[in-house]
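S.K.: One structure is given below, represented as structure tokens, and several questions about it will come after.
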Amino acid sequence: MKVAVITRHAVTNYGSLLQALATQNVISNLGHESVIIDYVRNDEHYRNIEKTILKSKPSWNSNPIKKFCYLAFRETESISAGKKFENQRKKLLNLTRTFSDFEQLCENPPEADVYMTGSDQVWGPVGSGILDEAYCLSFADKSKKKISYAASFGKSELTEENKDFFKSRLSDYHRIAVREDSAVKMLDSIGIDSTQVLDPTLLIEREQWSEYIGEKPNKKYVLVYQLHNDPTLGKYAEQVAKKKGLPLIRVSASFHQITREGRFVYAPSVQKFLSYVKYADCMITDSFHGTAFAINFNVPFVEILPNNNTQSRNQSILKLTGLTDRILSDNTDYSLSDKPIDYERVNLILKKEREKSLSVLKSMIED
């Protein structure tokens, strides 16, 4: 079977790229051909994304001088990181030709036996703030099988308008599997059945990730991997590293994080990124995929939930693995970083959930 997957693979961050890579590999491991639909909206391309984001920032967009300063710095940063990730996507992913808008997809969709909405926040708003029906497979011929695996809304509630949008577009799916328990509840509220499954990065065991992991760093360190603008996270990580007597390393594809706590490592390769996670003495993160890799690699970690409506995805994986006690509730509780994790128990949970999720994916494709 040829499975064409549409997902948020071209966002400039490690989670987006690695979940697409994992999805591709897992489908291949099941004995099928997998292609990632190279759908990169013009307004989300790394050369244009900052102009798109700026439209939602009236305090910057309304002032010509502030607008110039914002774009002068942020566009340079986005293009630099965007090129790095584009090169890695071309090396790691089996991509179709590039589609830059929904109309192009409708006019000439890639050939496949099965069309699949992949993982990550595919059913959340795109950069311009709208919902994109491309991620609901509206471009695919109605005679073709449509499925989703580990799709996410990126939030825990749907507006009435969003309920109508998804009810009309997801009703013709053959089967639907989502990443968070909150997504199951949201779909249930509009009369659509779904199953919760693991993020695709967790379907690949840590031993299998080894071919993508670079060399072990020479010295011990505390790692901070941060996506959201929360100054308390860096300060907490800095104190953890100080109390452990270890250097703090900050890995990010966002160059402006150079001013934050830790020795800054800018946009390393996937191999180096995974190496930094795997060999960390402790990891401080607000990232869903940072958390997922810490769990998969059995790395001690502290979770600082993002201060926005995307908390549900982090909470869901911690709830599933029985690790909600890794969520920081007191910014002065530095002992949490030294609290051991019973990874023997966690690995048993992961093994069971992995088998279940792989079975769901296999049956969705083949039945």
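Residue numbers start at 1 in each chain; chains themselves are named A, B, ... in the order of the structure tokens; ligands are numbered from 1 in the order shown.
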Got a sec: who's within 9 Å of A:Asn347, counting only C-alpha atoms, leaving out chain neighbours fewer than 4 positions off, as a VMD selection string?
M.R.: chain A and resid 295 to 296 298 321 342 to 343 351 to 352
S.K.: Given the selection you just returned, output its residues as a file containing N, CA, C and O atoms, formatted as a compact mmCIF listing (two decimals), in the first residue's frame.
M.R.:
```txt
# COMPACT_ATOMS: atom_id res chain seq x y z
N ILE A 295 11.37 10.86 27.94
CA ILE A 295 10.76 9.63 28.42
C ILE A 295 11.28 8.42 27.65
O ILE A 295 11.65 7.41 28.22
N ASN A 296 11.33 8.53 26.33
CA ASN A 296 11.76 7.41 25.50
C ASN A 296 13.22 7.04 25.77
O ASN A 296 13.58 5.86 25.77
N ASN A 298 14.71 7.59 28.61
CA ASN A 298 14.86 7.36 30.06
C ASN A 298 15.76 8.41 30.71
O ASN A 298 16.62 8.10 31.54
N THR A 321 1.77 8.03 31.00
CA THR A 321 2.94 7.30 31.50
C THR A 321 3.08 7.38 33.02
O THR A 321 4.07 6.89 33.58
N ASP A 342 10.99 5.97 38.03
CA ASP A 342 10.93 4.51 37.89
C ASP A 342 10.72 4.17 36.41
O ASP A 342 9.60 3.86 35.99
N TYR A 343 11.79 4.21 35.65
CA TYR A 343 11.66 3.99 34.21
C TYR A 343 11.37 2.54 33.86
O TYR A 343 10.90 2.24 32.76
N LYS A 351 5.70 0.06 26.39
CA LYS A 351 5.67 -1.16 25.58
C LYS A 351 4.23 -1.56 25.26
O LYS A 351 3.90 -1.87 24.11
N LYS A 352 3.39 -1.51 26.26
CA LYS A 352 1.98 -1.88 26.08
C LYS A 352 1.29 -0.90 25.14
O LYS A 352 0.55 -1.30 24.23
```
S.K.: Could you pull out the strand (DSSP E or B) residues of stretch 42-271 of chain A, going by DSSP on the backbone, and write them as a PyMOL selection string?
M.R.: chain A and resi 95-99+114-117+120+145-151+175-178+195-196+222-225+248-252+263-266
S.K.: Just the selected residues (C-alpha atoms), exported as a CSV table (one decimal), in the first residue's frame, please.
M.R.:
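Dumped everything to again-v4.csv:
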```csv
chain,number,residue,atom,x,y,z
A,95,LEU,CA,8.8,13.9,0.1
A,96,THR,CA,6.4,14.5,-2.8
A,97,ARG,CA,6.7,17.5,-5.0
A,98,THR,CA,6.0,20.7,-3.1
A,99,PHE,CA,2.5,22.2,-2.8
A,114,VAL,CA,-4.4,5.6,1.6
A,115,TYR,CA,-4.4,9.3,2.6
A,116,MET,CA,-3.4,10.0,6.2
A,117,THR,CA,-3.5,13.0,8.4
A,120,ASP,CA,1.3,17.2,15.6
A,145,LYS,CA,-9.5,5.7,2.3
A,146,LYS,CA,-8.9,8.6,4.7
A,147,ILE,CA,-7.4,8.0,8.2
A,148,SER,CA,-5.6,10.0,10.8
A,149,TYR,CA,-2.8,8.9,13.2
A,150,ALA,CA,-2.0,10.9,16.4
A,151,ALA,CA,-3.6,14.1,15.0
A,175,ARG,CA,-10.9,5.8,11.1
A,176,ILE,CA,-9.5,8.4,13.4
A,177,ALA,CA,-6.7,8.1,16.0
A,178,VAL,CA,-5.6,11.2,18.0
A,195,THR,CA,-8.9,6.3,19.6
A,196,GLN,CA,-6.0,7.7,21.6
A,222,VAL,CA,21.9,20.0,32.3
A,223,LEU,CA,19.9,20.6,29.2
A,224,VAL,CA,17.2,23.2,28.6
A,225,TYR,CA,14.9,22.9,25.6
A,248,LEU,CA,23.8,24.4,31.5
A,249,ILE,CA,23.3,23.9,27.7
A,250,ARG,CA,20.5,25.5,25.8
A,251,VAL,CA,19.5,24.0,22.4
A,252,SER,CA,17.2,26.0,20.1
A,263,ARG,CA,25.5,28.0,26.8
A,264,PHE,CA,23.7,28.4,23.5
A,265,VAL,CA,23.8,25.8,20.8
A,266,TYR,CA,22.1,27.1,17.7
```
S.K.: Considering only C-alpha atoms, state which residue in the set A:Asp181, A:Ser168, A:His256, A:Lys272 is at the smallest distance from A:Ser210.
M.R.: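 Going through A:Asp181, A:Ser168, A:His256, A:Lys272 one by one, the smallest distance to A:Ser210 is for A:Lys272.
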S.K.: Write down as a list of chain:residue names the residues belonging to stretch 151-182 of chain A that are assigned helix (DSSP H, G or I) by DSSP computed on the backbone.
M.R.: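 So the helix (DSSP H, G or I) residues in stretch 151-182 of chain A would be A:Glu160, A:Glu161, A:Asn162, A:Lys163, A:Asp164, A:Phe165, A:Phe166, A:Lys167, A:Ser168, A:Arg169, A:Leu170, A:Asp181, A:Ser182.
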S.K.: Can you write out the residues you just picked, keeping C-alpha atoms, as a PDB file, in the first residue's frame?
M.R.:
```pdb
ATOM      1  CA  GLU A 160     -18.957  26.177  18.024  1.00  0.00           C
ATOM      2  CA  GLU A 161     -17.576  27.396  14.687  1.00  0.00           C
ATOM      3  CA  ASN A 162     -14.707  24.919  14.897  1.00  0.00           C
ATOM      4  CA  LYS A 163     -17.101  22.109  15.779  1.00  0.00           C
ATOM      5  CA  ASP A 164     -19.017  22.730  12.543  1.00  0.00           C
ATOM      6  CA  PHE A 165     -15.768  22.900  10.559  1.00  0.00           C
ATOM      7  CA  PHE A 166     -14.464  19.543  11.800  1.00  0.00           C
ATOM      8  CA  LYS A 167     -17.789  17.723  11.821  1.00  0.00           C
ATOM      9  CA  SER A 168     -18.314  18.456   8.128  1.00  0.00           C
ATOM     10  CA  ARG A 169     -14.756  17.520   7.144  1.00  0.00           C
ATOM     11  CA  LEU A 170     -13.908  14.529   9.332  1.00  0.00           C
ATOM     12  CA  ASP A 181      -7.235  12.180  25.558  1.00  0.00           C
ATOM     13  CA  SER A 182      -8.716  15.687  25.289  1.00  0.00           C
TER      14      SER A 182
END
```
S.K.: Name the residues in contact with stretch 204-209 of chain A at a cut-off of 9 Å, using only C-alpha atoms, excluding same-chain residues fewer than 6 positions from it; report them as a ChimeraX atom specification.
M.R.: /A:22,25-26,274,293,296-298,351,354
S.K.: Pick the closest to A:Leu305 from A:Asp286, A:Asp199, A:Asp330, A:Glu44: which is it, counting only C-alpha atoms?
M.R.: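 Closest to A:Leu305, using only C-alpha atoms: A:Asp286.
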S.K.: Show me, as JSON lines, the residues of stretch 206-281 of chain A having an atom within 7 Å of stretch 76-91 of chain A, each with the closest atom pair and its distance in Å, using only C-alpha atoms.
M.R.:
```
{"residue": "A:Ala253", "atom": "CA", "partner": "A:Ala81", "partner_atom": "CA", "distance": 6.0}
{"residue": "A:Ser254", "atom": "CA", "partner": "A:Glu77", "partner_atom": "CA", "distance": 6.9}
{"residue": "A:Phe255", "atom": "CA", "partner": "A:Glu77", "partner_atom": "CA", "distance": 6.1}
{"residue": "A:Ala267", "atom": "CA", "partner": "A:Ala81", "partner_atom": "CA", "distance": 6.5}
```
S.K.: Between A:Lys362, A:Lys155, A:Lys57, A:Lys216, single out the one closest to A:Gln271, counting only C-alpha atoms.
M.R.: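 Smallest distance to A:Gln271 is found for A:Lys216.
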S.K.: Quick one: residues within 12 Å of A:Gly290, only C-alpha atoms, excluding same-chain residues fewer than 6 positions away - as an MDAnalysis selection string?
M.R.: chainID A and resid 13:16 18:19 201:202 223:227 251:252 273:274 276:278 280 282:284 296:297 299:305 313:314 317
S.K.: For those residues, write N, CA, C and O atoms to a file as a CSV table (one decimal), in the first residue's frame.
M.R.:
```
chain,number,residue,atom,x,y,z
A,13,ASN,N,11.1,23.4,13.8
A,13,ASN,CA,11.5,22.9,15.1
A,13,ASN,C,11.6,21.4,15.0
A,13,ASN,O,11.2,20.7,14.1
A,14,TYR,N,12.3,20.8,16.1
A,14,TYR,CA,12.7,19.4,16.0
A,14,TYR,C,11.5,18.5,16.1
A,14,TYR,O,11.5,17.4,15.5
A,15,GLY,N,10.5,18.8,16.9
A,15,GLY,CA,9.4,18.0,17.1
A,15,GLY,C,8.7,17.7,15.8
A,15,GLY,O,8.3,16.6,15.4
A,16,SER,N,8.5,18.8,15.0
A,16,SER,CA,7.8,18.7,13.7
A,16,SER,C,8.5,17.7,12.7
A,16,SER,O,7.9,16.9,12.1
A,18,LEU,N,10.9,15.5,13.5
A,18,LEU,CA,11.1,14.1,14.0
A,18,LEU,C,9.8,13.3,14.0
A,18,LEU,O,9.9,12.1,13.8
A,19,GLN,N,8.7,13.9,14.3
A,19,GLN,CA,7.4,13.1,14.2
A,19,GLN,C,7.1,12.7,12.8
A,19,GLN,O,6.6,11.6,12.6
A,201,THR,N,6.8,9.5,17.5
A,201,THR,CA,8.2,9.4,18.0
A,201,THR,C,8.3,8.3,19.1
A,201,THR,O,9.4,7.8,19.3
A,202,LEU,N,7.2,8.0,19.8
A,202,LEU,CA,7.3,7.0,20.8
A,202,LEU,C,7.0,5.6,20.3
A,202,LEU,O,7.2,4.6,21.0
A,223,LEU,N,20.4,20.1,30.4
A,223,LEU,CA,19.9,20.6,29.2
A,223,LEU,C,18.6,21.4,29.4
A,223,LEU,O,17.7,20.9,30.1
A,224,VAL,N,18.5,22.5,28.7
A,224,VAL,CA,17.2,23.2,28.6
A,224,VAL,C,16.8,23.3,27.2
A,224,VAL,O,17.5,23.7,26.3
A,225,TYR,N,15.5,22.8,27.0
A,225,TYR,CA,14.9,22.9,25.6
A,225,TYR,C,13.6,23.6,25.8
A,225,TYR,O,12.7,23.0,26.4
A,226,GLN,N,13.5,24.8,25.3
A,226,GLN,CA,12.4,25.7,25.6
A,226,GLN,C,11.7,26.2,24.3
A,226,GLN,O,12.4,26.6,23.4
A,227,LEU,N,10.4,26.1,24.2
A,227,LEU,CA,9.7,26.7,23.1
A,227,LEU,C,9.0,28.0,23.3
A,227,LEU,O,8.8,28.8,22.4
A,251,VAL,N,19.6,24.4,23.9
A,251,VAL,CA,19.5,24.0,22.4
A,251,VAL,C,18.3,24.6,21.9
A,251,VAL,O,17.2,24.5,22.4
A,252,SER,N,18.4,25.3,20.7
A,252,SER,CA,17.2,26.0,20.1
A,252,SER,C,17.5,26.3,18.7
A,252,SER,O,18.6,26.6,18.3
A,273,PHE,N,21.0,17.1,18.1
A,273,PHE,CA,19.9,17.4,19.0
A,273,PHE,C,19.5,16.2,19.9
A,273,PHE,O,19.4,16.3,21.1
A,274,LEU,N,19.3,15.1,19.2
A,274,LEU,CA,19.0,13.8,19.9
A,274,LEU,C,20.1,13.4,20.8
A,274,LEU,O,19.8,12.9,21.9
A,276,TYR,N,22.1,15.4,22.5
A,276,TYR,CA,22.0,16.3,23.7
A,276,TYR,C,20.9,15.8,24.6
A,276,TYR,O,21.1,15.9,25.8
A,277,VAL,N,19.8,15.4,24.0
A,277,VAL,CA,18.7,14.9,24.9
A,277,VAL,C,19.1,13.6,25.6
A,277,VAL,O,18.9,13.4,26.8
A,278,LYS,N,19.5,12.6,24.8
A,278,LYS,CA,19.8,11.3,25.3
A,278,LYS,C,20.8,11.3,26.4
A,278,LYS,O,20.7,10.5,27.4
A,280,ALA,N,21.8,13.8,28.5
A,280,ALA,CA,21.6,14.9,29.5
A,280,ALA,C,21.5,14.3,30.9
A,280,ALA,O,20.9,13.2,31.1
A,282,CYS,N,20.1,15.9,33.2
A,282,CYS,CA,18.7,16.3,33.5
A,282,CYS,C,18.2,17.2,32.4
A,282,CYS,O,19.0,18.0,31.9
A,283,MET,N,17.0,17.2,32.1
A,283,MET,CA,16.4,18.0,31.1
A,283,MET,C,15.3,18.9,31.6
A,283,MET,O,14.4,18.3,32.3
A,284,ILE,N,15.3,20.2,31.4
A,284,ILE,CA,14.2,21.1,31.8
A,284,ILE,C,13.5,21.5,30.5
A,284,ILE,O,14.2,22.1,29.6
A,296,ASN,N,11.3,8.5,26.3
A,296,ASN,CA,11.8,7.4,25.5
A,296,ASN,C,13.2,7.0,25.8
A,296,ASN,O,13.6,5.9,25.8
A,297,PHE,N,14.1,8.1,26.0
A,297,PHE,CA,15.5,7.8,26.3
A,297,PHE,C,15.8,7.6,27.8
A,297,PHE,O,16.9,7.4,28.2
A,299,VAL,N,15.6,9.7,30.3
A,299,VAL,CA,16.3,10.8,30.9
A,299,VAL,C,15.6,11.5,32.0
A,299,VAL,O,14.4,11.7,31.8
A,300,PRO,N,16.2,11.8,33.1
A,300,PRO,CA,15.5,12.5,34.2
A,300,PRO,C,15.1,13.9,33.6
A,300,PRO,O,15.9,14.5,32.9
A,301,PHE,N,13.9,14.4,33.9
A,301,PHE,CA,13.5,15.6,33.4
A,301,PHE,C,12.5,16.3,34.4
A,301,PHE,O,11.9,15.7,35.3
A,302,VAL,N,12.4,17.6,34.2
A,302,VAL,CA,11.4,18.4,34.9
A,302,VAL,C,10.6,19.1,33.9
A,302,VAL,O,11.1,19.7,32.9
A,303,GLU,N,9.3,19.0,34.0
A,303,GLU,CA,8.3,19.6,33.1
A,303,GLU,C,7.8,20.9,33.6
A,303,GLU,O,7.2,21.0,34.7
A,304,ILE,N,8.0,22.0,32.8
A,304,ILE,CA,7.4,23.3,33.2
A,304,ILE,C,6.3,23.6,32.1
A,304,ILE,O,6.6,23.8,31.0
A,305,LEU,N,5.1,23.4,32.5
A,305,LEU,CA,4.0,23.6,31.5
A,305,LEU,C,3.9,24.9,30.9
A,305,LEU,O,4.1,25.9,31.6
A,313,ARG,N,-1.5,18.8,25.7
A,313,ARG,CA,-0.7,17.8,25.0
A,313,ARG,C,0.4,17.3,25.9
A,313,ARG,O,0.7,16.1,25.9
A,314,ASN,N,1.1,18.2,26.7
A,314,ASN,CA,2.1,17.8,27.6
A,314,ASN,C,1.5,17.0,28.7
A,314,ASN,O,2.0,15.9,29.1
A,317,ILE,N,0.6,13.1,27.8
A,317,ILE,CA,1.6,12.1,27.7
A,317,ILE,C,2.1,11.8,29.1
A,317,ILE,O,2.5,10.6,29.5
```
